[in-house]
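This report refers to the structure that appears directly beneath it.
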Amino acid sequence: SFASAPSAAAQTGAISTVNIPFAFQIDAHKMPAGHYQISGLDNNLIVLRGPNNAIVATHPVLARKVPSRGYVLFNHIGDIYFLNEIWSAGSINGIGHFPGRVQKEMLKASKKAAQGQTTLALNSLP
């Protein structure tokens with residue numbers, strides 16, 4: 001999910017960009033590595049524009065600690081990455097993406113597979 005200062009959860013329009021060096025998934029929708037622009041449509045939708053485009057259903061999340069820099073958080077199961085959250089520097093409000101059916105099924109089946117998280121820095125738009 002994505003966030004932008006002061007509060008991306010309530011903003012629409014361009015938020016930021018991120019360079020994602022690996023392919024990732026938004027549920028069953030496969031997204032190639034590349035440079036993506038993140039924009040808000042409304043309180044519950046964001047748009048990713050890049051090598052592939054996607055509209056992503058989101059929900060607000062609150063940080064335990066205000067992040068000093070913006071970032072995108074991915075969960076991964078083995079070498080399959082899933083979009084998870086987007087955070088803006090200086091904002092306690094983030095944007096979360098619920099795990100989809102594909103991710104839930106992989107988690108069930110992957111008891112032995114390496115699971116983890118990866119963060120990538122957001123680049124704010126001027």
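In the structure tokens, chains take the letters A, B, ... in the order shown, each chain's residues start at 1, and ligands count up from 1 in the order shown.
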Would you give me, as an NGL selection string, the residues in chain A that DSSP reads as helix (DSSP H, G or I)? :A and (8-10 or 101-109)
What's the 6 Å shell around Val66 of chain A, counting only C-alpha atoms, without same-chain residues fewer than 4 positions away, as a list in words? Gly90, Ser91 and Ile92 of chain A
Please measure the separation of atom CA of Phe82 of chain A and atom CA of Asp27 of chain A, giving the value in Å to one decimal.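 Atom CA of Asp27 of chain A lies at a distance of 7.3 Å from atom CA of Phe82 of chain A.
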If we count only C-alpha atoms, what is near Leu122 of chain A at a cut-off of 6 Å, once residues fewer than 5 positions away on the same chain are taken out, given as a PyMOL selection string? chain A and resi 17-18+70-71
Kindly indicate which residue among A:His29, A:Lys111, A:Arg101, A:Arg64 lies nearest to Ile77 of chain A, using only C-alpha atoms for the distances.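 Among the listed residues, the smallest separation from Ile77 of chain A belongs to A:Lys111.
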Within 9 Å of Phe22 of chain A, counting only C-alpha atoms, which residues show up once you throw out same-chain ones fewer than 3 positions away? Write them as a list in words, please.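 Surrounding residues, per the criterion: Met31, Pro32, Ala33, Gly34 and Tyr81 of chain A.
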Distance of atom CA of Arg49 of chain A from atom CA of His76 of chain A, expressed in Å to one decimal place: 21.5 Å
Pick the closest to Tyr36 of chain A from A:Thr58, A:Gln103, A:Asn123, A:Gln115: which is it, counting only C-alpha atoms?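 Of all the options, A:Asn123 lies closest to Tyr36 of chain A.
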Check segment 9-42 of chain A with DSSP on the backbone and list each residue it calls strand (DSSP E or B), as a count of residues only. 23
If we count only C-alpha atoms and set the cut-off at 7 Å, which residues sit around Gln117 of chain A, ignoring sequence neighbours fewer than 6 positions away in its own chain? Please answer as number ranges by chain. A: 73-76
Nearest-residue call for Phe98 of chain A, choices A:Leu120, A:Ile26, A:Leu62, A:Leu41, using only C-alpha atoms: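 Among the listed residues, the smallest separation from Phe98 of chain A belongs to A:Ile26.
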Work out how far apart atom CA of Gln25 of chain A and atom CA of Ile80 of chain A are and give it in Å to one decimal.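 Separating atom CA of Gln25 of chain A from atom CA of Ile80 of chain A is a distance of 7.5 Å.
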I need the residue nearest Ile15 of chain A from this list: A:Trp87, A:Pro67, A:Asp79, A:Ala57. Use only C-alpha atoms for the distance. A:Trp87
